[in-house]
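One file, coords.cif, is given below (mmCIF, C-alpha atoms).
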data_structure
#
loop_
_atom_site.label_atom_id
_atom_site.label_comp_id
_atom_site.auth_asym_id
_atom_site.auth_seq_id
_atom_site.Cartn_x
_atom_site.Cartn_y
_atom_site.Cartn_z
CA MET A 26 144.51 56.87 69.74
CA THR A 27 147.64 55.37 71.29
CA GLU A 28 149.73 57.54 73.53
CA ILE A 29 153.43 56.77 73.76
CA ILE A 30 154.98 57.70 77.09
CA VAL A 31 158.73 57.54 77.67
CA VAL A 32 160.03 57.21 81.21
CA THR A 33 163.55 58.60 81.14
CA SER A 34 166.14 60.39 83.28
CA GLY A 35 169.66 60.38 81.90
CA LYS A 36 171.11 59.29 85.20
CA GLY A 37 170.89 55.66 86.29
CA GLY A 38 169.41 54.36 89.50
CA VAL A 39 166.85 57.12 89.99
CA GLY A 40 163.82 54.87 89.62
CA LYS A 41 162.95 54.68 85.91
CA THR A 42 162.02 51.00 85.90
CA THR A 43 160.17 51.19 89.22
CA SER A 44 158.25 54.17 87.83
CA SER A 45 157.58 52.56 84.43
CA ALA A 46 156.16 49.47 86.11
CA SER A 47 153.97 51.42 88.50
CA LEU A 48 152.70 53.86 85.87
CA ALA A 49 151.84 50.99 83.51
CA VAL A 50 150.04 49.06 86.26
CA GLY A 51 148.22 52.20 87.39
CA LEU A 52 146.94 52.85 83.87
CA ALA A 53 145.91 49.20 83.43
CA LYS A 54 144.13 49.34 86.78
CA ARG A 55 141.99 52.07 85.28
CA GLY A 56 140.95 49.73 82.50
CA LYS A 57 143.37 51.03 79.86
CA LYS A 58 145.11 48.68 77.48
CA VAL A 59 148.79 49.13 78.21
CA ALA A 60 152.07 47.75 76.89
CA VAL A 61 155.27 48.46 78.80
CA ILE A 62 158.51 48.02 76.87
CA ASP A 63 162.00 47.59 78.32
CA PHE A 64 164.48 49.47 76.10
CA ASP A 65 167.45 48.54 78.29
CA VAL A 66 168.82 45.88 75.95
CA GLY A 67 171.58 43.88 77.63
CA LEU A 68 170.54 44.84 81.15
CA ARG A 69 166.89 43.93 81.34
CA ASN A 70 165.14 44.43 84.66
CA LEU A 71 161.58 45.44 83.96
CA ASP A 72 160.61 41.76 83.86
CA LEU A 73 161.89 41.32 87.44
CA ILE A 74 160.09 44.40 88.74
CA MET A 75 156.88 43.26 87.00
CA GLY A 76 157.36 39.73 88.34
CA CYS A 77 157.25 37.98 84.96
CA GLU A 78 160.94 37.08 84.54
CA ARG A 79 160.28 33.36 84.26
CA ARG A 80 157.78 33.79 81.46
CA VAL A 81 160.09 35.60 79.02
CA VAL A 82 160.45 33.47 75.88
CA TYR A 83 160.83 36.07 73.16
CA ASP A 84 161.92 39.66 73.62
CA PHE A 85 161.85 43.10 72.00
CA VAL A 86 164.98 42.43 69.93
CA ASN A 87 163.47 39.17 68.58
CA VAL A 88 160.44 41.14 67.40
CA ILE A 89 162.57 43.86 65.83
CA HIS A 90 164.64 41.27 63.96
CA GLU A 91 161.45 39.41 62.94
CA GLU A 92 162.49 36.25 64.74
CA CYS A 93 159.00 36.03 66.26
CA THR A 94 155.71 37.89 66.11
CA LEU A 95 154.84 40.72 68.45
CA LYS A 96 152.01 38.63 69.86
CA GLN A 97 154.46 35.85 70.81
CA ALA A 98 156.71 38.29 72.65
CA LEU A 99 154.06 40.22 74.58
CA ILE A 100 153.78 38.76 78.09
CA LYS A 101 150.32 39.11 79.52
CA ASP A 102 150.27 40.28 83.12
CA LYS A 103 148.76 37.81 85.61
CA ARG A 104 147.02 40.55 87.56
CA PHE A 105 145.53 42.72 84.83
CA ASP A 106 144.04 41.46 81.57
CA THR A 107 144.86 44.64 79.69
CA LEU A 108 148.53 44.85 80.66
CA TYR A 109 151.39 43.43 78.60
CA VAL A 110 155.15 43.44 79.09
CA LEU A 111 157.70 43.41 76.28
CA ALA A 112 161.03 42.38 77.81
CA ALA A 113 164.44 43.52 76.65
CA SER A 114 166.98 41.07 75.35
CA GLN A 115 169.54 40.03 77.91
CA THR A 116 172.13 38.71 75.46
CA ARG A 117 172.31 41.38 72.77
CA ASP A 118 173.56 44.94 73.03
CA LYS A 119 171.84 48.23 72.36
CA GLU A 120 172.99 48.26 68.73
CA ALA A 121 170.43 45.50 68.15
CA LEU A 122 167.71 48.19 68.26
CA ASN A 123 166.97 50.29 65.21
CA LYS A 124 164.57 53.11 64.48
CA GLU A 125 162.61 51.29 61.77
CA GLY A 126 162.12 48.22 63.96
CA VAL A 127 160.97 50.25 66.95
CA GLU A 128 158.58 52.20 64.75
CA ARG A 129 157.13 48.98 63.32
CA VAL A 130 156.49 47.59 66.83
CA LEU A 131 154.86 50.83 67.97
CA ASN A 132 152.68 50.93 64.84
CA GLU A 133 151.60 47.37 65.45
CA LEU A 134 150.67 48.16 69.06
CA THR A 135 148.67 51.14 67.81
CA ALA A 136 146.87 48.89 65.33
CA GLU A 137 146.11 46.45 68.16
CA GLY A 138 144.22 49.19 69.96
CA PHE A 139 146.58 49.85 72.87
CA ASP A 140 145.72 53.02 74.80
CA TYR A 141 149.21 53.51 76.19
CA VAL A 142 152.70 52.31 75.40
CA VAL A 143 155.12 52.99 78.26
CA CYS A 144 158.77 52.99 77.13
CA ASP A 145 161.20 52.28 79.95
CA SER A 146 164.40 54.00 78.86
CA PRO A 147 167.90 52.86 79.78
CA ALA A 148 170.20 55.32 81.56
CA GLY A 149 172.50 57.48 79.48
CA ILE A 150 171.90 59.27 76.20
CA GLU A 151 173.08 56.55 73.85
CA LYS A 152 171.10 54.60 71.28
CA GLY A 153 168.71 52.79 73.63
CA ALA A 154 167.76 55.99 75.41
CA SER A 155 167.43 58.03 72.23
CA LEU A 156 165.21 55.37 70.61
CA ALA A 157 163.07 55.10 73.74
CA MET A 158 162.28 58.81 73.54
CA TYR A 159 162.19 59.26 69.77
CA PHE A 160 158.54 58.34 69.16
CA ALA A 161 157.16 59.68 72.46
CA ASP A 162 154.11 61.89 72.80
CA ARG A 163 154.79 62.47 76.47
CA ALA A 164 157.82 62.14 78.67
CA VAL A 165 158.00 61.42 82.36
CA VAL A 166 161.43 62.58 83.49
CA VAL A 167 162.35 60.81 86.71
CA VAL A 168 164.55 62.95 88.91
CA ASN A 169 166.03 62.67 92.41
CA PRO A 170 166.42 65.95 94.30
CA GLU A 171 170.18 65.73 93.95
CA VAL A 172 172.63 67.72 91.79
CA SER A 173 173.77 65.11 89.26
CA SER A 174 170.26 63.83 88.64
CA VAL A 175 168.86 67.33 88.11
CA ARG A 176 171.65 68.26 85.71
CA ASP A 177 171.17 65.07 83.68
CA SER A 178 167.44 65.69 83.57
CA ASP A 179 168.03 69.09 82.05
CA ARG A 180 170.12 67.47 79.34
CA ILE A 181 167.33 64.97 78.67
CA LEU A 182 164.78 67.78 78.46
CA GLY A 183 166.97 69.41 75.81
CA LEU A 184 167.07 66.17 73.82
CA LEU A 185 163.29 65.73 74.12
CA ALA A 186 162.90 69.18 72.60
CA SER A 187 165.17 68.45 69.64
CA LYS A 188 165.81 64.75 69.01
CA THR A 189 162.30 63.33 68.86
CA ARG A 190 159.94 62.62 65.99
CA ARG A 191 157.61 65.36 67.19
CA ALA A 192 160.44 67.89 67.22
CA GLU A 193 161.72 66.82 63.80
CA LEU A 194 158.31 66.87 62.14
CA GLY A 195 157.18 70.01 63.95
CA ASN A 196 154.18 68.19 65.44
CA GLY A 197 154.25 70.17 68.65
CA PRO A 198 156.47 69.46 71.63
CA VAL A 199 156.63 66.24 73.60
CA GLU A 200 154.60 66.92 76.75
CA GLN A 201 157.05 66.88 79.63
CA HIS A 202 156.44 65.94 83.25
CA LEU A 203 158.74 65.68 86.22
CA LEU A 204 158.46 62.79 88.61
CA LEU A 205 160.45 63.40 91.78
CA THR A 206 161.50 60.15 93.39
CA ARG A 207 163.34 59.28 96.62
CA TYR A 208 162.00 62.47 98.12
CA ASN A 209 162.73 62.84 101.79
CA PRO A 210 160.51 65.53 103.36
CA ASP A 211 162.47 65.53 106.63
CA ARG A 212 165.72 66.30 104.86
CA VAL A 213 164.02 68.98 102.76
CA ALA A 214 162.72 70.58 105.95
CA GLY A 215 166.21 70.38 107.44
CA GLY A 216 167.71 72.19 104.46
CA ASP A 217 169.70 69.16 103.33
CA MET A 218 167.70 68.29 100.23
CA MET A 219 166.30 70.44 97.46
CA GLY A 220 162.54 70.76 97.64
CA ILE A 221 159.89 70.38 94.94
CA ASP A 222 159.89 74.09 94.13
CA ASP A 223 163.69 74.20 93.85
CA VAL A 224 163.78 71.40 91.28
CA LYS A 225 160.78 72.81 89.44
CA GLU A 226 162.40 76.22 89.27
CA ILE A 227 165.69 74.93 87.87
CA LEU A 228 164.15 72.63 85.27
CA GLY A 229 161.15 74.80 84.47
CA ILE A 230 158.53 72.10 84.00
CA GLU A 231 155.55 70.94 85.98
CA VAL A 232 155.73 68.20 88.59
CA LEU A 233 153.53 65.18 87.90
CA GLY A 234 154.20 63.53 91.21
CA VAL A 235 156.45 63.24 94.21
CA ILE A 236 157.34 59.76 95.38
CA PRO A 237 158.69 59.72 98.92
CA GLU A 238 161.65 57.57 99.83
CA SER A 239 159.90 54.48 101.10
CA SER A 240 160.81 51.04 102.33
CA GLY A 241 157.89 49.78 100.25
CA VAL A 242 159.87 50.20 97.02
CA LEU A 243 162.46 47.58 97.98
CA THR A 244 159.95 45.10 99.36
CA ALA A 245 157.88 45.49 96.19
CA SER A 246 160.84 44.81 93.93
CA ASN A 247 161.84 41.84 96.09
CA ALA A 248 158.43 40.34 95.48
CA GLY A 249 158.07 41.33 91.82
CA VAL A 250 154.93 43.31 92.56
CA PRO A 251 155.00 46.92 91.32
CA VAL A 252 154.90 49.20 94.36
CA ILE A 253 151.72 50.94 93.17
CA LEU A 254 149.87 47.76 94.17
CA ASP A 255 151.00 48.21 97.77
CA ASP A 256 148.17 50.42 98.98
CA LEU A 257 149.72 50.70 102.40
CA SER A 258 153.02 52.17 101.31
CA GLU A 259 153.35 55.90 100.79
CA ALA A 260 155.24 55.35 97.55
CA GLY A 261 152.41 53.19 96.21
CA GLN A 262 149.82 55.82 97.02
CA ALA A 263 151.98 58.58 95.56
CA TYR A 264 152.34 56.61 92.30
CA ASP A 265 148.58 56.19 92.17
CA ASP A 266 148.20 59.97 92.49
CA ALA A 267 150.71 60.47 89.68
CA VAL A 268 148.80 58.11 87.38
CA ALA A 269 145.56 59.91 88.22
CA ARG A 270 147.17 63.23 87.24
CA LEU A 271 148.53 61.65 84.06
CA THR A 272 144.96 60.83 83.06
CA GLY A 273 143.77 64.34 83.78
CA GLU A 274 142.59 64.19 87.39
CA THR A 275 143.60 66.86 89.87
CA ARG A 276 144.98 65.53 93.12
CA PRO A 277 146.87 67.35 95.87
CA MET A 278 150.46 66.30 96.54
CA ARG A 279 150.78 64.02 99.55
CA PHE A 280 153.67 62.86 101.71
CA ILE A 281 155.66 66.02 101.10
CA ASP A 282 155.64 67.47 104.61
CA ALA A 283 158.13 66.61 107.33
CA GLN A 284 156.90 64.39 110.13
CA LYS A 285 156.12 66.35 113.24
CA LYS A 286 158.26 64.98 116.01
CA GLY A 287 157.24 64.75 119.60
CA PHE A 288 159.22 66.26 122.45
CA PHE A 289 161.08 63.05 123.27
CA ALA A 290 161.94 62.23 119.67
CA ARG A 291 163.39 65.70 119.37
CA ILE A 292 165.55 65.37 122.43
CA PHE A 293 166.72 61.82 122.01
CA GLY A 294 166.84 61.59 118.21
CA SER A 295 164.80 59.44 115.92
CA MET B 8 167.64 65.64 115.77
CA GLY B 9 169.33 64.35 118.89
CA LEU B 10 170.59 66.08 122.00
CA PHE B 11 174.07 66.63 120.61
CA ASP B 12 172.82 68.06 117.35
CA PHE B 13 171.03 70.67 119.40
CA LEU B 14 174.27 71.78 120.96
CA ARG B 15 176.24 71.76 117.72
CA SER B 16 176.04 74.86 115.59
CA ARG B 17 173.57 74.57 112.72
CA PRO B 18 175.26 73.28 109.58
CA LYS B 19 175.11 75.31 106.42
CA ASN B 20 171.98 74.85 104.34
CA THR B 21 173.38 72.50 101.70
CA ALA B 22 170.19 72.37 99.64
CA SER B 23 170.48 76.06 98.78
CA VAL B 24 174.13 75.55 97.83
CA ALA B 25 173.07 72.72 95.50
CA LYS B 26 170.36 74.86 93.98
CA GLU B 27 172.70 77.77 93.32
CA ARG B 28 175.35 75.55 91.71
CA LEU B 29 172.73 73.90 89.52
CA ARG B 30 171.22 77.20 88.48
CA ILE B 31 174.57 78.34 87.12
CA ILE B 32 175.65 75.13 85.39
CA VAL B 33 172.24 74.49 83.85
CA ALA B 34 172.07 78.02 82.42
CA GLN B 35 175.56 77.61 81.00
CA GLU B 36 174.80 74.26 79.39
CA ARG B 37 171.54 75.48 77.91
CA ALA B 38 173.37 78.39 76.30
CA GLN B 39 175.90 76.02 74.79
CA SER B 40 173.37 73.58 73.43
CA GLY B 41 171.80 76.37 71.37
CA ARG B 42 174.99 76.83 69.39
CA PRO B 43 175.17 75.44 65.87
CA ASP B 44 177.02 72.12 65.91
CA TYR B 45 179.23 72.99 62.93
CA LEU B 46 181.18 75.54 64.98
CA PRO B 47 184.01 73.25 66.13
CA LEU B 48 184.63 72.05 62.55
CA LEU B 49 184.43 75.58 61.18
CA ARG B 50 186.93 76.68 63.77
CA ARG B 51 189.33 73.90 62.88
CA GLU B 52 189.15 74.50 59.13
CA ILE B 53 189.63 78.24 59.49
CA LEU B 54 192.62 77.57 61.67
CA GLU B 55 194.12 75.31 58.98
CA VAL B 56 193.69 77.97 56.32
CA ILE B 57 195.26 80.65 58.51
CA ARG B 58 198.13 78.39 59.38
CA LYS B 59 199.05 78.12 55.72
CA TYR B 60 200.11 81.74 55.93
CA VAL B 61 200.72 82.57 59.55
CA ASN B 62 201.75 80.23 62.33
CA VAL B 63 199.04 80.90 64.88
CA ASP B 64 198.38 79.11 68.09
CA PRO B 65 195.49 76.56 68.08
CA ASP B 66 193.86 78.52 70.88
CA ALA B 67 194.14 81.79 69.00
CA ILE B 68 190.78 81.48 67.32
CA ASP B 69 187.64 82.44 69.13
CA ILE B 70 184.22 81.89 67.60
CA HIS B 71 180.96 83.14 69.05
CA VAL B 72 177.43 83.22 67.80
CA GLU B 73 175.37 85.94 69.33
CA ARG B 74 171.74 86.72 68.87
CA GLU B 75 170.78 90.33 68.39
CA GLY B 76 167.07 90.58 67.89
CA ASP B 77 166.19 88.53 64.82
CA SER B 78 169.67 88.30 63.39
CA GLU B 79 172.56 86.15 64.49
CA VAL B 80 176.09 87.49 64.46
CA LEU B 81 178.97 85.14 63.90
CA GLU B 82 181.99 86.67 65.49
CA LEU B 83 185.41 85.34 64.71
CA SER B 84 188.55 86.70 66.26
CA VAL B 85 192.09 85.55 65.54
CA ALA B 86 195.00 86.62 67.68
CA LEU B 87 198.05 86.87 65.43
CA PRO B 88 201.42 85.99 66.93
CA GLU B 89 203.90 88.66 67.85
CA ARG B 90 206.43 89.41 65.14
CA ASP B 91 210.12 88.72 65.69
CA ASN B 92 210.99 92.40 65.35
CA SER B 93 208.59 92.95 68.24
CA ALA B 94 206.25 95.17 66.31
CA GLY B 95 203.54 93.87 68.62
CA GLY B 96 200.73 91.41 68.07
CA GLY B 97 197.52 92.19 66.33
CA ALA B 98 194.05 90.85 66.32
CA ALA B 99 191.79 90.64 63.34
CA THR B 100 188.09 90.48 63.90
CA ALA B 101 185.59 89.59 61.27
CA ALA B 102 181.90 89.69 61.75
CA SER B 103 179.29 88.46 59.34
CA GLU B 104 175.55 88.46 59.69
CA ALA B 105 173.80 85.13 59.31
#

As structure tokens:
Amino acid sequence: MTEIIVVTSGKGGVGKTTSSASLAVGLAKRGKKVAVIDFDVGLRNLDLIMGCERRVVYDFVNVIHEECTLKQALIKDKRFDTLYVLAASQTRDKEALNKEGVERVLNELTAEGFDYVVCDSPAGIEKGASLAMYFADRAVVVVNPEVSSVRDSDRILGLLASKTRRAELGNGPVEQHLLLTRYNPDRVAGGDMMGIDDVKEILGIEVLGVIPESSGVLTASNAGVPVILDDLSEAGQAYDDAVARLTGETRPMRFIDAQKKGFFARIFGS
Amino acid sequence: MGLFDFLRSRPKNTASVAKERLRIIVAQERAQSGRPDYLPLLRREILEVIRKYVNVDPDAIDIHVEREGDSEVLELSVALPERDNSAGGGAATAASEA
């Protein structure tokens, strides 16, 4: 049984691609067969975050337009045998995607015995984003604790409930999870940032994970190594917790409390 | 927090302001998204028909769908323009159960 997971947000720059890469790697690390697809046609970036940008020969749009086989376009990850990347086209636009083509690719991945297909959605609610979510069984909605991101997420949740195959066929709802990224516990404690419970209350769905703002995210993307592989960074560990929860484990939330400051730090500033 | 922050008065809790603003706008947008999407077209066509007979203002038509238990009520109200002999304006309201 293949599970299709869309990583989406509405708003851009909240961490969809970073999250897609880390979730896919985390699942593959657990021995699952995983394909991660970049739906951001025209502005591909998943290949860079995954570190396979120089090995892209064929892309998702080539497969959809039957200019190559799926097998030719799937890029096998160098670190995990069971992980494959399907890059977006850099030269076409989002109109190059169509529902029938996407469905054919997903059916083929199902037939190939993939356990998970992670769909990295583009920002916005246009064609690329709506196709990324259409076939999903589960959705990971990436949200920053910030007003515009939360509002856009609510819009996306509405679309997930109405404009997906599951909604149209009445096959039960798409399972929805929130992934809070760029979380800054110190600012939450100081009353300058909405906390986990605030966001959860407004959007009304469960929180899969909380990824703290971390310098590890930038260094990971610089190197083309998904941050989940950086065991030392808080963000990497938090992504690993999120993947564990995605596969049914129960893990407590970490890195959500403000750092306790010593007397001198308090007086002289951090 | 540095020495000077200590002396400054505590700023307002901006996170709770954000939360309150979001609570309102999200509730409003959710209510709107539940409305049937034919309403704007219906409104425009009704307006065209009415304008064949009476010259009403484009903003004079108000359409609401309200849920009352299991039934939905489509409420349509048209504000008619004031007559020249200043007999006063009138409003016609039609309600139909859907």

Can you list, as a PyMOL selection string, every protein, DNA or RNA residue that comes within 12 Å of B:Val61 when you count all atoms listed in the file, leaving out same-chain residues fewer than 2 positions away?
-> chain B and resi 53-59+63-65+67+85-90

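Put simply, the PyMOL selection byres ((chain A and resi 187-197) around 10) on this file hits Ser155, Leu156, Ala157, Met158, Tyr159, Phe160, Ala161, Asp162, Ile181, Leu182, Gly183, Leu184, Leu185, Ala186, Pro198, Val199 and Glu200 of chain A.
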
Restricting the calculation to all atoms listed in the file, which member of B:Arg50, B:Gly76, B:Arg30, B:Asn20 is positioned closest to A:Val172?
-> B:Arg30

Output the residue selection produced by the PyMOL selection byres ((chain A and resi 80) around 10) on the file above, formatted as a VMD selection string.
-> chain A and resid 72 76 to 79 81 to 83 98 100 to 101 112

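Distances here use all atoms listed in the file; by that measure, the residue among A:Arg104, A:Lys124, A:Arg207, A:Lys96 closest to A:Ala263 is A:Arg207.
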
Output of the PyMOL selection byres ((chain A and resi 177) around 10), listed as a short mmCIF file (atom, residue, chain, number, x, y, z; two decimals) with C-alpha atoms, in the frame of the given file:
data_model
loop_
_atom_site.label_atom_id
_atom_site.label_comp_id
_atom_site.auth_asym_id
_atom_site.auth_seq_id
_atom_site.Cartn_x
_atom_site.Cartn_y
_atom_site.Cartn_z
CA SER A 34 166.14 60.39 83.28
CA GLY A 35 169.66 60.38 81.90
CA LYS A 36 171.11 59.29 85.20
CA GLY A 37 170.89 55.66 86.29
CA GLY A 149 172.50 57.48 79.48
CA ILE A 150 171.90 59.27 76.20
CA VAL A 168 164.55 62.95 88.91
CA VAL A 172 172.63 67.72 91.79
CA SER A 173 173.77 65.11 89.26
CA SER A 174 170.26 63.83 88.64
CA VAL A 175 168.86 67.33 88.11
CA ARG A 176 171.65 68.26 85.71
CA SER A 178 167.44 65.69 83.57
CA ASP A 179 168.03 69.09 82.05
CA ARG A 180 170.12 67.47 79.34
CA ILE A 181 167.33 64.97 78.67
CA LEU A 182 164.78 67.78 78.46
CA GLY A 183 166.97 69.41 75.81
CA VAL B 33 172.24 74.49 83.85
#

For A:Ile253, list every protein, DNA or RNA residue within 7 Å, evaluated using all atoms listed in the file, and leave out those in the same chain fewer than 6 positions away; present the list as a list of chain:residue names.
-> A:Ser47, A:Gly51, A:Gly261, A:Gln262, A:Tyr264, A:Asp265

Just write the chosen residues, C-alpha atoms, as an mmCIF file, keeping the file's coordinate frame.
data_model
loop_
_atom_site.group_PDB
_atom_site.id
_atom_site.type_symbol
_atom_site.label_atom_id
_atom_site.label_comp_id
_atom_site.auth_asym_id
_atom_site.auth_seq_id
_atom_site.Cartn_x
_atom_site.Cartn_y
_atom_site.Cartn_z
ATOM 1 C CA SER A 47 153.970 51.420 88.500
ATOM 2 C CA GLY A 51 148.220 52.200 87.390
ATOM 3 C CA GLY A 261 152.410 53.190 96.210
ATOM 4 C CA GLN A 262 149.820 55.820 97.020
ATOM 5 C CA TYR A 264 152.340 56.610 92.300
ATOM 6 C CA ASP A 265 148.580 56.190 92.170
#

For A:Pro237: contacts at 6 Å, all atoms listed in the file, fewer than 5 positions along chain excluded, given as a PyMOL selection string = chain A and resi 207-209+260

Work out how far apart atom CA of A:Thr33 and atom CA of A:Asp255 are and give it in Å to one decimal.
-> 23.3 Å

Spatial neighbours of stretch 270-282 of chain A, max dist 12 Å, only C-alpha atoms, sep filter under 5 positions, as a ChimeraX atom specification | /A:28,30,48-49,51-53,55-57,140-141,163-165,200-215,220-222,231-239,258-265

Two-atom distance - atom CA of B:Ser23, atom CA of A:Gly38 (Å) = 23.6 Å

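Of the listed residues (A:Val59, A:Leu111, A:Leu73, A:Met219), A:Met219 comes nearest to chain B; the distances count all atoms listed in the file.
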
Between atom CA of A:Ala248 and atom CA of A:Asn70, distance in Å (one decimal) = 13.4 Å

Between A:Ala136, A:Ser240, A:Asn169, A:Val250, which is the closest to A:Asp102 once you count all atoms listed in the file?
-> A:Val250

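With only C-alpha atoms as the atoms that count, the residue of B:Asn62, B:Ser40, B:Ser78, B:Gln35 with the shortest distance to chain A is B:Ser40.
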
Smallest atom-to-atom distance to A:Thr135: which of A:Thr27, A:Gln284, A:Thr94, A:Asn247, using only C-alpha atoms?
-> A:Thr27

Using the incomplete input, complete stretch 233-245 of chain A to the level of N, CA and C atoms; output as a CSV table (one decimal), in the coordinates of the input.
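Final output, saved to out.csv:
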chain,number,residue,atom,x,y,z
A,233,LEU,N,154.6,66.1,88.0
A,233,LEU,CA,153.5,65.2,87.9
A,233,LEU,C,153.3,64.5,89.2
A,234,GLY,N,154.4,64.2,89.9
A,234,GLY,CA,154.2,63.5,91.2
A,234,GLY,C,155.5,63.6,92.0
A,235,VAL,N,155.3,63.3,93.3
A,235,VAL,CA,156.4,63.2,94.2
A,235,VAL,C,156.4,61.9,95.0
A,236,ILE,N,157.3,61.1,94.7
A,236,ILE,CA,157.3,59.8,95.4
A,236,ILE,C,158.3,59.8,96.6
A,237,PRO,N,157.8,59.6,97.8
A,237,PRO,CA,158.7,59.7,98.9
A,237,PRO,C,159.6,58.5,99.0
A,238,GLU,N,160.8,58.7,99.5
A,238,GLU,CA,161.6,57.6,99.8
A,238,GLU,C,160.9,56.6,100.7
A,239,SER,N,160.8,55.4,100.4
A,239,SER,CA,159.9,54.5,101.1
A,239,SER,C,160.4,53.1,101.1
A,240,SER,N,160.3,52.4,102.2
A,240,SER,CA,160.8,51.0,102.3
A,240,SER,C,160.0,50.1,101.4
A,241,GLY,N,158.8,50.6,101.1
A,241,GLY,CA,157.9,49.8,100.2
A,241,GLY,C,158.5,49.5,98.9
A,242,VAL,N,159.3,50.4,98.4
A,242,VAL,CA,159.9,50.2,97.0
A,242,VAL,C,160.7,48.9,97.0
A,243,LEU,N,161.6,48.8,98.0
A,243,LEU,CA,162.5,47.6,98.0
A,243,LEU,C,161.7,46.3,98.2
A,244,THR,N,160.7,46.3,99.1
A,244,THR,CA,160.0,45.1,99.4
A,244,THR,C,159.1,44.7,98.1
A,245,ALA,N,158.6,45.7,97.4
A,245,ALA,CA,157.9,45.5,96.2
A,245,ALA,C,158.8,44.9,95.1
